[in-house]
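First up is the structure itself, then whatever we jot down about it.
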Amino acid sequence: MSSLAAPLPATATTAASPASHEDRSSFAFLAIASLFFVISGIVALLVAGKLQMPTLLGNIAWLTYGRMRPLHVNGMLFGWLLAADMGLAFYLVPRLCGVKLWSEKLGMATMYLWVVIILGAVVEIPLGHNQGLEYAELPTWLDVLVVVAWLMFAANIFMTVANRKYEQMYVSLWYIMGAIIWTAFVYLVGNFATLFTTGVNQANLNWFYVHNAVGLIFTPLGLALGYYFIPKAAEAPLYSHRLSMIGFWSLAFVYVWTGAHHMLHGPISQWLQTVSILFSVMLMIPVWTLVYNFFATMKGQWHQLKDNVPIKFMMTGTIFYLLTCFQGPMHSLRSVNAIVSKTDWIVGHAHMAVLGAFSFFAVGGAYYAIPRMLKTRLHSQALANASFWLWLVGGLSFFVSLWIGGFLQGLQWNDPSIPFIDTVKFMKPFWSVRLIGGTFMFGGILLFFWNLLATWLHRSERPAETV
Amino acid sequence: MIKKIDKNNILFVAAATGFFAIGGILTTFAPPLLDASWAKPAPGLQNYPELAKGGDAHADLVMKGRAIYVRDGCWYCHTQQTRTIEADTVRSGWRDVRSPVSTPDEFVFDKPHLFGTRRVGPDLSRAGGKYDKQWHATHFKDPRSLVPGSAMPPFPWIANNPAELDAMVAYIQSLGRAKDWRPTHDYEE
């Protein structure tokens, strides 16, 4: 078992680690990420509130729904989640390689550039400088900076890996390196190739990007965190190295084909729709192998769910991941798609992927890593636990209300004798539940932010019990 | 082989790129080469971007309206595609006349494409000609005065700005005109 799981044995290499890690860039990235999490959360509540009350701050052009929604989405995806993932990658890659991060200076420069990009977006999007493509709203000058930042991040990670002391690369390293390579291509297609195309051709590239931004950026980065922090936090070896290989290589091959499932029944070639459906269903292979691997790793360790907060986040994230990735293939079936497509069901699905699965991985990782990189203890386990429950209860009411409402609305749309506006009015109670659930989640974000801040403020008063 | 990839980062990068590139290329750059219909404009399709460049005042207005539609994020709540779903053709239709489904040749000059993913409000792929300018002016100022229960925000900066209102209305009236399906009793007749 341990020979399969090398080089991440449960007993951890931290104590024996020859390198002492600075973790400056890692911490800085997590700090800005959690700050942007709070800010994007405020925008999220505003957007959800506007659905309830369309006149809420409705007469001010830069605060209108159509400008705040992209700010919320980009803020959550790039300001919070990608920044948090990069910070955690800077934490775990050096540890898995047994060497220091290649360059802390480059890491800090990447972080500052990232702040410039996010602040640029915060100015440009409310001004209405929107490129009109989902997830690719940012003006081109910001896209160029994103590419530069990504190359800086890539150089740091790849040089650290190239200098590694352990020959065998643990699966988290594959996922991070895979994400870096794939993201480069996916981002260029979504933000630059689209500049030279129109109509259905452009839409196809746009959905390729949108789908793979989640599937080949946030998925592999999130899974890298799961593969690292689940065995670490539970102090149990990974169940199977072989399964993780199957999961990784099938994800690498299968995921990229599915973009056109965003246009099912729409004006795009039927054969391309069918290809995207076939590959969407095949996605279950990488997902189920991974979920089995995570669950089997927890065998005999489930009692830890009671008071191990990082494990709570990681395993709940895994369940959300399983659910999201069961929904995805099901939505891609034409019969199901005819009901749920364009409804709030999909909004619930997307939030479960990003805010459920991948944010849970990142938050669990942050709760585990931040005290360790500051050589202190977490400010409050109780607050961390409370943030978990706020997120879980808020998240479930948010997701489930949108699934029920969205599904029923889809059925109503398919009965053209029901006027469209009636199906809008029908959604309002479900939107209310969503807003309440979102408020709970925002409470979780505030507790998370406060806990990390207090851990940092009191770091010297509370040295870690064990090194 | 796989064991080797596990230990050699160069081999790993090559394999990860290769596995991904097959689908990456076949689903992005290949489809437009395989399906010529994506680039062939429908007979009735106006090339507004070209016309506007050539100095056509109406086309210029349409393009300005389209830019406002992009700027204010109308496309987050309104799709522009009548799908191959029966109810879509009824809802996109007008007074018992069903609309044809949307086809790629109607969107050849769209940049950015505005197909959309979410219908908080109704689909607009055949919205052209359904309501007159006065209706739109009132609706932009206060959507609920015409459609009680609507979730659409007010857009006073459009409604109160004659240049922006004209442009928006011109753009909306241009939607879905590439196919000749319209009944005679549309408001313009």
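Letters for chains follow the order of the structure tokens (A, B, ...), residue numbers begin at 1 for each chain, and ligand numbers begin at 1 in the order shown.
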Worksheet entry | All residues 12 Å or closer to region 376-384 of chain A, only C-alpha atoms, same chain fewer than 5 positions away omitted, as a ChimeraX atom specification | /A:307-313,363-364,366-371,389-391,443-467
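Omitting Thr103 (chain B) and its sequence neighbours fewer than 4 positions away, and counting only C-alpha atoms, the residues within 12 Å are A:Gly199, A:Val200, A:Met263, A:His265, A:Gly266, A:Pro267, A:Ile268, A:Ser269, A:Gln270, B:Ser37, B:Trp38, B:Ala39, B:Lys40, B:Pro41, B:Ala42, B:Leu45, B:Gln80, B:Gln81, B:Thr82, B:Arg83, B:Thr84, B:Ser99, B:Phe107, B:Val108, B:Phe115, B:Ser125, B:Gly176, B:Ala178, B:Lys179.
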Could you produce a table of the residues of region 153-251 of chain A lying within 7 Å of region 122-145 of chain A, with the nearest pair of atoms per residue and their separation in Å rounded to one decimal, using only C-alpha atoms, ordered by chain and increasing residue number, as a Markdown table?
```
| residue | atom | partner | partner_atom | distance |
| --- | --- | --- | --- | --- |
| A:Gly190 | CA | A:Ala136 | CA | 6.7 |
| A:Asn191 | CA | A:Ala136 | CA | 5.9 |
| A:Asn206 | CA | A:Leu133 | CA | 6.8 |
| A:Val210 | CA | A:Tyr135 | CA | 6.3 |
```
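Straight-line separation from CA of Phe248 (chain A) to CA of Gln202 (chain A): 29.2 Å.
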Discussion item. Give me, as a ChimeraX atom specification, all polymer residues having an atom no more than 12 Å from Pro148 (chain B), counting only C-alpha atoms and skipping those fewer than 2 positions away in the same chain.
Written reply: /A:54,420-422,424-425 /B:139,142-146,150-152
Limited to C-alpha atoms, could you put the picked residues into a file as an mmCIF file, in the first residue's frame?
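Output contents, as saved in out29.cif:
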```cif
data_model
loop_
_atom_site.group_PDB
_atom_site.id
_atom_site.type_symbol
_atom_site.label_atom_id
_atom_site.label_comp_id
_atom_site.auth_asym_id
_atom_site.auth_seq_id
_atom_site.Cartn_x
_atom_site.Cartn_y
_atom_site.Cartn_z
ATOM 1 C CA PRO A 54 -35.327 44.570 -9.631
ATOM 2 C CA PHE A 420 -43.579 33.227 -19.926
ATOM 3 C CA ILE A 421 -44.109 35.833 -17.229
ATOM 4 C CA ASP A 422 -46.016 33.296 -15.116
ATOM 5 C CA VAL A 424 -40.903 34.072 -13.834
ATOM 6 C CA LYS A 425 -43.326 34.801 -11.008
ATOM 7 C CA HIS B 139 -40.636 49.170 -20.934
ATOM 8 C CA ASP B 142 -40.328 50.753 -16.002
ATOM 9 C CA PRO B 143 -40.668 47.139 -17.137
ATOM 10 C CA ARG B 144 -43.319 46.340 -14.550
ATOM 11 C CA SER B 145 -45.702 48.999 -15.864
ATOM 12 C CA LEU B 146 -46.190 46.817 -18.958
ATOM 13 C CA SER B 150 -41.172 41.123 -14.477
ATOM 14 C CA ALA B 151 -37.687 40.682 -12.963
ATOM 15 C CA MET B 152 -36.087 43.118 -15.422
#
```
Discussion item. Can you measure CA of His58 (chain B) to CA of Trp94 (chain B) for me? One decimal in Å is fine.
Written reply: 24.7 Å
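Straight-line separation from CA of Leu114 (chain B) to CA of Trp403 (chain A): 25.1 Å.
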Discussion item. Can you work out which residues from chain B touch chain A at a cut-off of 7 Å (counting only C-alpha atoms) and hand them back as a PyMOL selection string?
Written reply: chain B and resi 6-7+16-17+19-20+23-24+27-28+32+38+70-74+76+81+83-85+87+90-91+102-104+107-113+117-119+122+149-157
Worksheet entry | Selection: 10 Å around Pro329 (chain A), only C-alpha atoms, excl. self and same-chain fewer than 2 positions, as an MDAnalysis selection string | chainID A and resid 258 261 276:284 324:327 331:333 336
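Among the candidate residues A:Ile217, A:Ile176, A:Leu323, A:Ala233, the one lying nearest to Val93 (chain A) is A:Ile176, with distances computed using only C-alpha atoms.
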Fill in: All residues 9 Å or closer to His21 (chain A), only C-alpha atoms, same chain fewer than 5 positions away omitted, as a PyMOL selection string
chain A and resi 91+94-95+99-101+373
Just to be explicit: take each residue in the selection above, keep all heavy atoms, and write the result as a PDB file, in the first residue's frame.
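Saved to part.pdb:
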```
ATOM      1  N   TYR A  91       2.072  26.148  -1.718  1.00  0.00           N
ATOM      2  CA  TYR A  91       2.293  25.460  -0.443  1.00  0.00           C
ATOM      3  C   TYR A  91       2.679  24.004  -0.664  1.00  0.00           C
ATOM      4  O   TYR A  91       3.642  23.504  -0.091  1.00  0.00           O
ATOM      5  CB  TYR A  91       1.030  25.545   0.416  1.00  0.00           C
ATOM      6  CG  TYR A  91       1.097  24.787   1.724  1.00  0.00           C
ATOM      7  CD1 TYR A  91       1.672  25.355   2.854  1.00  0.00           C
ATOM      8  CD2 TYR A  91       0.582  23.491   1.817  1.00  0.00           C
ATOM      9  CE1 TYR A  91       1.730  24.657   4.053  1.00  0.00           C
ATOM     10  CE2 TYR A  91       0.641  22.785   3.013  1.00  0.00           C
ATOM     11  CZ  TYR A  91       1.205  23.367   4.124  1.00  0.00           C
ATOM     12  OH  TYR A  91       1.273  22.680   5.311  1.00  0.00           O
ATOM     13  N   PRO A  94       6.248  22.646  -3.283  1.00  0.00           N
ATOM     14  CA  PRO A  94       7.577  22.503  -2.677  1.00  0.00           C
ATOM     15  C   PRO A  94       7.637  21.332  -1.696  1.00  0.00           C
ATOM     16  O   PRO A  94       8.640  20.617  -1.644  1.00  0.00           O
ATOM     17  CB  PRO A  94       7.768  23.832  -1.931  1.00  0.00           C
ATOM     18  CG  PRO A  94       6.859  24.789  -2.617  1.00  0.00           C
ATOM     19  CD  PRO A  94       5.684  23.986  -3.060  1.00  0.00           C
ATOM     20  N   ARG A  95       6.578  21.107  -0.947  1.00  0.00           N
ATOM     21  CA  ARG A  95       6.583  20.009   0.031  1.00  0.00           C
ATOM     22  C   ARG A  95       6.632  18.651  -0.650  1.00  0.00           C
ATOM     23  O   ARG A  95       7.276  17.730  -0.169  1.00  0.00           O
ATOM     24  CB  ARG A  95       5.358  20.125   0.939  1.00  0.00           C
ATOM     25  CG  ARG A  95       5.559  21.198   2.008  1.00  0.00           C
ATOM     26  CD  ARG A  95       4.287  21.599   2.708  1.00  0.00           C
ATOM     27  NE  ARG A  95       4.554  22.550   3.789  1.00  0.00           N
ATOM     28  CZ  ARG A  95       4.796  23.845   3.612  1.00  0.00           C
ATOM     29  NH1 ARG A  95       4.789  24.359   2.393  1.00  0.00           N
ATOM     30  NH2 ARG A  95       5.025  24.636   4.636  1.00  0.00           N
ATOM     31  N   VAL A  99      11.880  20.399  -1.851  1.00  0.00           N
ATOM     32  CA  VAL A  99      12.763  21.562  -2.018  1.00  0.00           C
ATOM     33  C   VAL A  99      11.959  22.830  -1.761  1.00  0.00           C
ATOM     34  O   VAL A  99      10.738  22.796  -1.690  1.00  0.00           O
ATOM     35  CB  VAL A  99      13.357  21.639  -3.446  1.00  0.00           C
ATOM     36  CG1 VAL A  99      14.325  20.498  -3.685  1.00  0.00           C
ATOM     37  CG2 VAL A  99      12.241  21.639  -4.484  1.00  0.00           C
ATOM     38  N   LYS A 100      12.673  23.953  -1.656  1.00  0.00           N
ATOM     39  CA  LYS A 100      11.972  25.232  -1.511  1.00  0.00           C
ATOM     40  C   LYS A 100      11.299  25.605  -2.826  1.00  0.00           C
ATOM     41  O   LYS A 100      11.705  25.136  -3.897  1.00  0.00           O
ATOM     42  CB  LYS A 100      12.980  26.325  -1.152  1.00  0.00           C
ATOM     43  CG  LYS A 100      13.510  26.232   0.251  1.00  0.00           C
ATOM     44  CD  LYS A 100      14.388  27.443   0.519  1.00  0.00           C
ATOM     45  CE  LYS A 100      14.861  27.409   1.958  1.00  0.00           C
ATOM     46  NZ  LYS A 100      15.429  28.680   2.371  1.00  0.00           N
ATOM     47  N   LEU A 101      10.334  26.493  -2.727  1.00  0.00           N
ATOM     48  CA  LEU A 101       9.772  27.060  -3.955  1.00  0.00           C
ATOM     49  C   LEU A 101      10.909  27.690  -4.743  1.00  0.00           C
ATOM     50  O   LEU A 101      11.785  28.342  -4.177  1.00  0.00           O
ATOM     51  CB  LEU A 101       8.705  28.110  -3.596  1.00  0.00           C
ATOM     52  CG  LEU A 101       7.970  28.752  -4.766  1.00  0.00           C
ATOM     53  CD1 LEU A 101       7.101  27.740  -5.490  1.00  0.00           C
ATOM     54  CD2 LEU A 101       7.116  29.928  -4.292  1.00  0.00           C
ATOM     55  N   MET A 373       1.854  27.082   7.784  1.00  0.00           N
ATOM     56  CA  MET A 373       2.857  27.953   7.163  1.00  0.00           C
ATOM     57  C   MET A 373       3.239  29.103   8.090  1.00  0.00           C
ATOM     58  O   MET A 373       4.335  29.635   7.992  1.00  0.00           O
ATOM     59  CB  MET A 373       2.403  28.449   5.783  1.00  0.00           C
ATOM     60  CG  MET A 373       1.184  29.319   5.769  1.00  0.00           C
ATOM     61  SD  MET A 373       0.808  29.898   4.082  1.00  0.00           S
ATOM     62  CE  MET A 373       0.035  28.481   3.340  1.00  0.00           C
TER      63      MET A 373
END
```
Discussion item. Nearest residue to Arg434 (chain A) out of A:Ser387, A:Thr160, A:Ser172, A:Ser401, using only C-alpha atoms?
Written reply: A:Ser401
Worksheet item: Can you list, as a list in words, every protein, DNA or RNA residue that comes within 9 Å of Ile5 (chain B) when you count only C-alpha atoms, leaving out same-chain residues fewer than 5 positions away?
Response: Met169 of chain A; Ile10, Leu11, Phe12, Val13 and Ala15 of chain B
Item to complete: Tell me, as a VMD selection string, which residues lie within 10 Å of Arg177 (chain B), counting only C-alpha atoms; anything in the same chain fewer than 5 positions away does not count.
Response: chain B and resid 44 to 46 106 125 to 129 182
Write out as a CSV table (one decimal) with N, CA and C atoms, in the first residue's frame the set of residues from region 11-185 of chain B that DSSP, computed on the backbone, places in helix (DSSP H, G or I).
```csv
chain,number,residue,atom,x,y,z
B,11,LEU,N,8.6,13.9,-20.0
B,11,LEU,CA,7.7,13.0,-20.6
B,11,LEU,C,6.3,13.3,-20.2
B,12,PHE,N,6.1,13.6,-18.9
B,12,PHE,CA,4.8,13.9,-18.4
B,12,PHE,C,4.2,15.0,-19.2
B,13,VAL,N,4.9,16.1,-19.3
B,13,VAL,CA,4.4,17.3,-20.0
B,13,VAL,C,3.9,16.9,-21.4
B,14,ALA,N,4.8,16.1,-22.1
B,14,ALA,CA,4.5,15.7,-23.5
B,14,ALA,C,3.2,14.9,-23.5
B,15,ALA,N,3.1,14.0,-22.6
B,15,ALA,CA,1.9,13.1,-22.6
B,15,ALA,C,0.6,13.9,-22.2
B,16,ALA,N,0.7,14.8,-21.2
B,16,ALA,CA,-0.5,15.5,-20.8
B,16,ALA,C,-0.9,16.4,-21.9
B,17,THR,N,0.0,17.0,-22.7
B,17,THR,CA,-0.3,17.9,-23.8
B,17,THR,C,-1.0,17.0,-24.9
B,18,GLY,N,-0.4,15.9,-25.2
B,18,GLY,CA,-0.9,15.1,-26.3
B,18,GLY,C,-2.3,14.5,-26.0
B,19,PHE,N,-2.5,14.0,-24.8
B,19,PHE,CA,-3.9,13.5,-24.5
B,19,PHE,C,-4.9,14.5,-24.7
B,20,PHE,N,-4.6,15.7,-24.3
B,20,PHE,CA,-5.5,16.8,-24.3
B,20,PHE,C,-5.7,17.4,-25.7
B,21,ALA,N,-4.6,17.4,-26.5
B,21,ALA,CA,-4.6,18.1,-27.7
B,21,ALA,C,-5.5,17.4,-28.8
B,22,ILE,N,-5.7,16.1,-28.6
B,22,ILE,CA,-6.6,15.4,-29.6
B,22,ILE,C,-8.0,16.0,-29.6
B,23,GLY,N,-8.6,16.0,-28.4
B,23,GLY,CA,-9.9,16.6,-28.3
B,23,GLY,C,-9.9,18.1,-28.5
B,24,GLY,N,-8.8,18.7,-27.9
B,24,GLY,CA,-8.6,20.1,-28.0
B,24,GLY,C,-8.7,20.7,-29.4
B,25,ILE,N,-8.1,20.0,-30.3
B,25,ILE,CA,-8.0,20.5,-31.7
B,25,ILE,C,-9.3,20.0,-32.5
B,26,LEU,N,-9.7,18.8,-32.2
B,26,LEU,CA,-10.9,18.3,-33.0
B,26,LEU,C,-12.2,19.0,-32.6
B,30,ALA,N,-11.3,22.2,-35.8
B,30,ALA,CA,-11.8,21.3,-36.9
B,30,ALA,C,-13.3,21.5,-37.3
B,31,PRO,N,-14.2,21.7,-36.3
B,31,PRO,CA,-15.6,21.8,-36.7
B,31,PRO,C,-15.9,22.8,-37.8
B,32,PRO,N,-15.4,24.1,-37.7
B,32,PRO,CA,-15.8,25.0,-38.8
B,32,PRO,C,-15.3,24.5,-40.2
B,33,LEU,N,-14.2,23.7,-40.2
B,33,LEU,CA,-13.7,23.2,-41.5
B,33,LEU,C,-14.6,22.1,-42.0
B,34,LEU,N,-15.2,21.4,-41.0
B,34,LEU,CA,-16.0,20.2,-41.4
B,34,LEU,C,-17.5,20.7,-41.8
B,36,ALA,N,-19.4,23.6,-43.3
B,36,ALA,CA,-19.4,24.9,-44.0
B,36,ALA,C,-20.5,25.8,-43.7
B,37,SER,N,-21.6,25.3,-43.1
B,37,SER,CA,-22.8,26.1,-42.9
B,37,SER,C,-22.6,27.1,-41.8
B,38,TRP,N,-21.6,27.0,-41.0
B,38,TRP,CA,-21.3,28.0,-40.0
B,38,TRP,C,-20.9,29.3,-40.5
B,48,TYR,N,-24.7,43.8,-41.0
B,48,TYR,CA,-24.7,45.1,-40.4
B,48,TYR,C,-23.3,45.7,-40.1
B,49,PRO,N,-22.4,44.9,-39.7
B,49,PRO,CA,-21.1,45.5,-39.4
B,49,PRO,C,-20.5,46.1,-40.7
B,50,GLU,N,-20.6,45.4,-41.8
B,50,GLU,CA,-20.0,45.9,-43.1
B,50,GLU,C,-20.8,47.2,-43.5
B,51,LEU,N,-22.2,47.1,-43.5
B,51,LEU,CA,-23.0,48.2,-43.9
B,51,LEU,C,-22.7,49.4,-43.0
B,52,ALA,N,-22.5,49.2,-41.7
B,52,ALA,CA,-22.2,50.4,-40.9
B,52,ALA,C,-20.9,51.0,-41.2
B,53,LYS,N,-19.9,50.2,-41.5
B,53,LYS,CA,-18.6,50.7,-42.0
B,53,LYS,C,-18.7,51.5,-43.3
B,57,ALA,N,-26.6,54.6,-42.3
B,57,ALA,CA,-27.0,55.2,-41.0
B,57,ALA,C,-27.8,54.2,-40.1
B,58,HIS,N,-28.8,53.4,-40.8
B,58,HIS,CA,-29.6,52.5,-40.0
B,58,HIS,C,-28.7,51.4,-39.4
B,59,ALA,N,-27.8,50.8,-40.3
B,59,ALA,CA,-26.9,49.8,-39.8
B,59,ALA,C,-26.0,50.3,-38.6
B,60,ASP,N,-25.6,51.5,-38.7
B,60,ASP,CA,-24.8,52.1,-37.7
B,60,ASP,C,-25.6,52.1,-36.4
B,61,LEU,N,-26.9,52.5,-36.5
B,61,LEU,CA,-27.8,52.5,-35.3
B,61,LEU,C,-27.9,51.1,-34.7
B,62,VAL,N,-28.1,50.1,-35.6
B,62,VAL,CA,-28.2,48.7,-35.1
B,62,VAL,C,-27.0,48.3,-34.3
B,63,MET,N,-25.8,48.6,-34.9
B,63,MET,CA,-24.6,48.2,-34.3
B,63,MET,C,-24.4,49.0,-32.9
B,64,LYS,N,-24.8,50.2,-32.9
B,64,LYS,CA,-24.7,50.9,-31.6
B,64,LYS,C,-25.6,50.3,-30.5
B,65,GLY,N,-26.8,49.9,-31.0
B,65,GLY,CA,-27.7,49.3,-30.0
B,65,GLY,C,-27.2,47.9,-29.5
B,66,ARG,N,-26.5,47.2,-30.5
B,66,ARG,CA,-25.9,45.9,-30.1
B,66,ARG,C,-24.8,46.1,-29.0
B,67,ALA,N,-24.1,47.2,-29.2
B,67,ALA,CA,-23.0,47.5,-28.2
B,67,ALA,C,-23.6,47.8,-26.9
B,68,ILE,N,-24.7,48.5,-26.8
B,68,ILE,CA,-25.4,48.7,-25.5
B,68,ILE,C,-25.9,47.4,-24.9
B,69,TYR,N,-26.4,46.6,-25.7
B,69,TYR,CA,-26.9,45.3,-25.3
B,69,TYR,C,-25.8,44.5,-24.7
B,70,VAL,N,-24.6,44.6,-25.2
B,70,VAL,CA,-23.4,43.9,-24.7
B,70,VAL,C,-23.0,44.6,-23.4
B,71,ARG,N,-22.9,45.9,-23.4
B,71,ARG,CA,-22.4,46.7,-22.3
B,71,ARG,C,-23.2,46.5,-21.0
B,74,CYS,N,-27.4,42.6,-21.2
B,74,CYS,CA,-28.8,42.1,-21.5
B,74,CYS,C,-28.7,40.6,-21.7
B,75,TRP,N,-27.6,40.1,-22.3
B,75,TRP,CA,-27.4,38.8,-22.7
B,75,TRP,C,-27.3,37.8,-21.6
B,76,TYR,N,-27.1,38.3,-20.3
B,76,TYR,CA,-27.1,37.3,-19.2
B,76,TYR,C,-28.5,36.8,-18.9
B,86,GLU,N,-40.1,22.1,-29.6
B,86,GLU,CA,-41.4,22.6,-30.1
B,86,GLU,C,-41.8,23.9,-29.4
B,87,ALA,N,-41.8,23.9,-28.0
B,87,ALA,CA,-42.3,25.0,-27.3
B,87,ALA,C,-41.5,26.3,-27.6
B,88,ASP,N,-40.2,26.1,-28.0
B,88,ASP,CA,-39.4,27.3,-28.3
B,88,ASP,C,-40.0,28.0,-29.6
B,89,THR,N,-40.4,27.2,-30.5
B,89,THR,CA,-40.9,27.7,-31.8
B,89,THR,C,-42.3,28.4,-31.6
B,90,VAL,N,-43.0,28.0,-30.6
B,90,VAL,CA,-44.3,28.6,-30.3
B,90,VAL,C,-44.0,30.0,-29.5
B,91,ARG,N,-43.1,29.9,-28.5
B,91,ARG,CA,-42.8,31.1,-27.8
B,91,ARG,C,-42.1,32.1,-28.6
B,104,PRO,N,-27.3,28.2,-37.9
B,104,PRO,CA,-26.0,28.9,-37.8
B,104,PRO,C,-25.9,30.0,-38.9
B,105,ASP,N,-26.6,29.9,-40.0
B,105,ASP,CA,-26.4,30.9,-41.1
B,105,ASP,C,-27.0,32.2,-40.7
B,106,GLU,N,-27.8,32.3,-39.7
B,106,GLU,CA,-28.4,33.6,-39.3
B,106,GLU,C,-27.5,34.4,-38.4
B,133,LYS,N,-41.7,51.3,-30.9
B,133,LYS,CA,-40.7,52.1,-30.1
B,133,LYS,C,-41.3,52.6,-28.8
B,134,GLN,N,-42.6,53.0,-28.9
B,134,GLN,CA,-43.2,53.6,-27.6
B,134,GLN,C,-43.3,52.5,-26.6
B,135,TRP,N,-43.6,51.3,-27.0
B,135,TRP,CA,-43.6,50.1,-26.0
B,135,TRP,C,-42.3,50.0,-25.4
B,136,HIS,N,-41.2,49.9,-26.2
B,136,HIS,CA,-39.9,49.7,-25.7
B,136,HIS,C,-39.5,50.9,-24.8
B,137,ALA,N,-39.8,52.1,-25.1
B,137,ALA,CA,-39.4,53.3,-24.3
B,137,ALA,C,-40.0,53.1,-22.9
B,138,THR,N,-41.3,52.8,-22.9
B,138,THR,CA,-42.0,52.6,-21.6
B,138,THR,C,-41.4,51.5,-20.8
B,139,HIS,N,-41.1,50.4,-21.6
B,139,HIS,CA,-40.6,49.2,-20.9
B,139,HIS,C,-39.2,49.4,-20.4
B,140,PHE,N,-38.4,50.1,-21.0
B,140,PHE,CA,-37.0,50.3,-20.5
B,140,PHE,C,-37.1,51.2,-19.3
B,141,LYS,N,-38.0,52.1,-19.3
B,141,LYS,CA,-38.1,53.0,-18.1
B,141,LYS,C,-38.7,52.3,-16.9
B,143,PRO,N,-40.2,48.4,-16.5
B,143,PRO,CA,-40.7,47.1,-17.1
B,143,PRO,C,-42.0,46.7,-16.5
B,144,ARG,N,-42.1,46.9,-15.2
B,144,ARG,CA,-43.3,46.3,-14.6
B,144,ARG,C,-44.6,47.1,-14.9
B,145,SER,N,-44.5,48.3,-15.5
B,145,SER,CA,-45.7,49.0,-15.9
B,145,SER,C,-46.4,48.3,-17.0
B,146,LEU,N,-45.6,47.6,-17.8
B,146,LEU,CA,-46.2,46.8,-19.0
B,146,LEU,C,-46.3,45.3,-18.7
B,156,PRO,N,-33.2,53.6,-17.0
B,156,PRO,CA,-33.5,55.0,-17.3
B,156,PRO,C,-32.5,55.7,-18.2
B,157,TRP,N,-31.2,55.2,-18.0
B,157,TRP,CA,-30.1,55.9,-18.8
B,157,TRP,C,-30.3,55.5,-20.3
B,158,ILE,N,-31.1,54.5,-20.6
B,158,ILE,CA,-31.3,54.2,-22.0
B,158,ILE,C,-32.6,54.9,-22.4
B,159,ALA,N,-33.7,54.8,-21.6
B,159,ALA,CA,-35.0,55.3,-21.9
B,159,ALA,C,-34.9,56.8,-22.1
B,162,PRO,N,-32.3,59.8,-26.0
B,162,PRO,CA,-32.9,59.5,-27.3
B,162,PRO,C,-31.9,58.8,-28.2
B,163,ALA,N,-30.6,59.1,-28.1
B,163,ALA,CA,-29.7,58.4,-29.0
B,163,ALA,C,-29.6,56.9,-28.7
B,164,GLU,N,-29.5,56.6,-27.3
B,164,GLU,CA,-29.4,55.2,-26.9
B,164,GLU,C,-30.7,54.5,-27.1
B,165,LEU,N,-31.8,55.1,-26.9
B,165,LEU,CA,-33.1,54.5,-27.1
B,165,LEU,C,-33.3,54.1,-28.6
B,166,ASP,N,-33.0,55.1,-29.5
B,166,ASP,CA,-33.1,54.8,-30.9
B,166,ASP,C,-32.3,53.6,-31.3
B,167,ALA,N,-31.1,53.6,-30.8
B,167,ALA,CA,-30.1,52.5,-31.1
B,167,ALA,C,-30.6,51.2,-30.6
B,168,MET,N,-31.1,51.1,-29.4
B,168,MET,CA,-31.6,49.9,-28.8
B,168,MET,C,-32.8,49.3,-29.6
B,169,VAL,N,-33.7,50.3,-29.9
B,169,VAL,CA,-34.9,49.8,-30.6
B,169,VAL,C,-34.5,49.3,-32.0
B,170,ALA,N,-33.6,50.0,-32.6
B,170,ALA,CA,-33.2,49.6,-34.0
B,170,ALA,C,-32.6,48.2,-33.9
B,171,TYR,N,-31.8,48.0,-32.8
B,171,TYR,CA,-31.2,46.6,-32.7
B,171,TYR,C,-32.3,45.6,-32.5
B,172,ILE,N,-33.2,45.8,-31.5
B,172,ILE,CA,-34.2,44.8,-31.2
B,172,ILE,C,-35.0,44.5,-32.4
B,173,GLN,N,-35.4,45.5,-33.2
B,173,GLN,CA,-36.2,45.3,-34.4
B,173,GLN,C,-35.5,44.5,-35.4
B,174,SER,N,-34.1,44.5,-35.3
B,174,SER,CA,-33.4,43.7,-36.4
B,174,SER,C,-33.3,42.2,-36.1
```
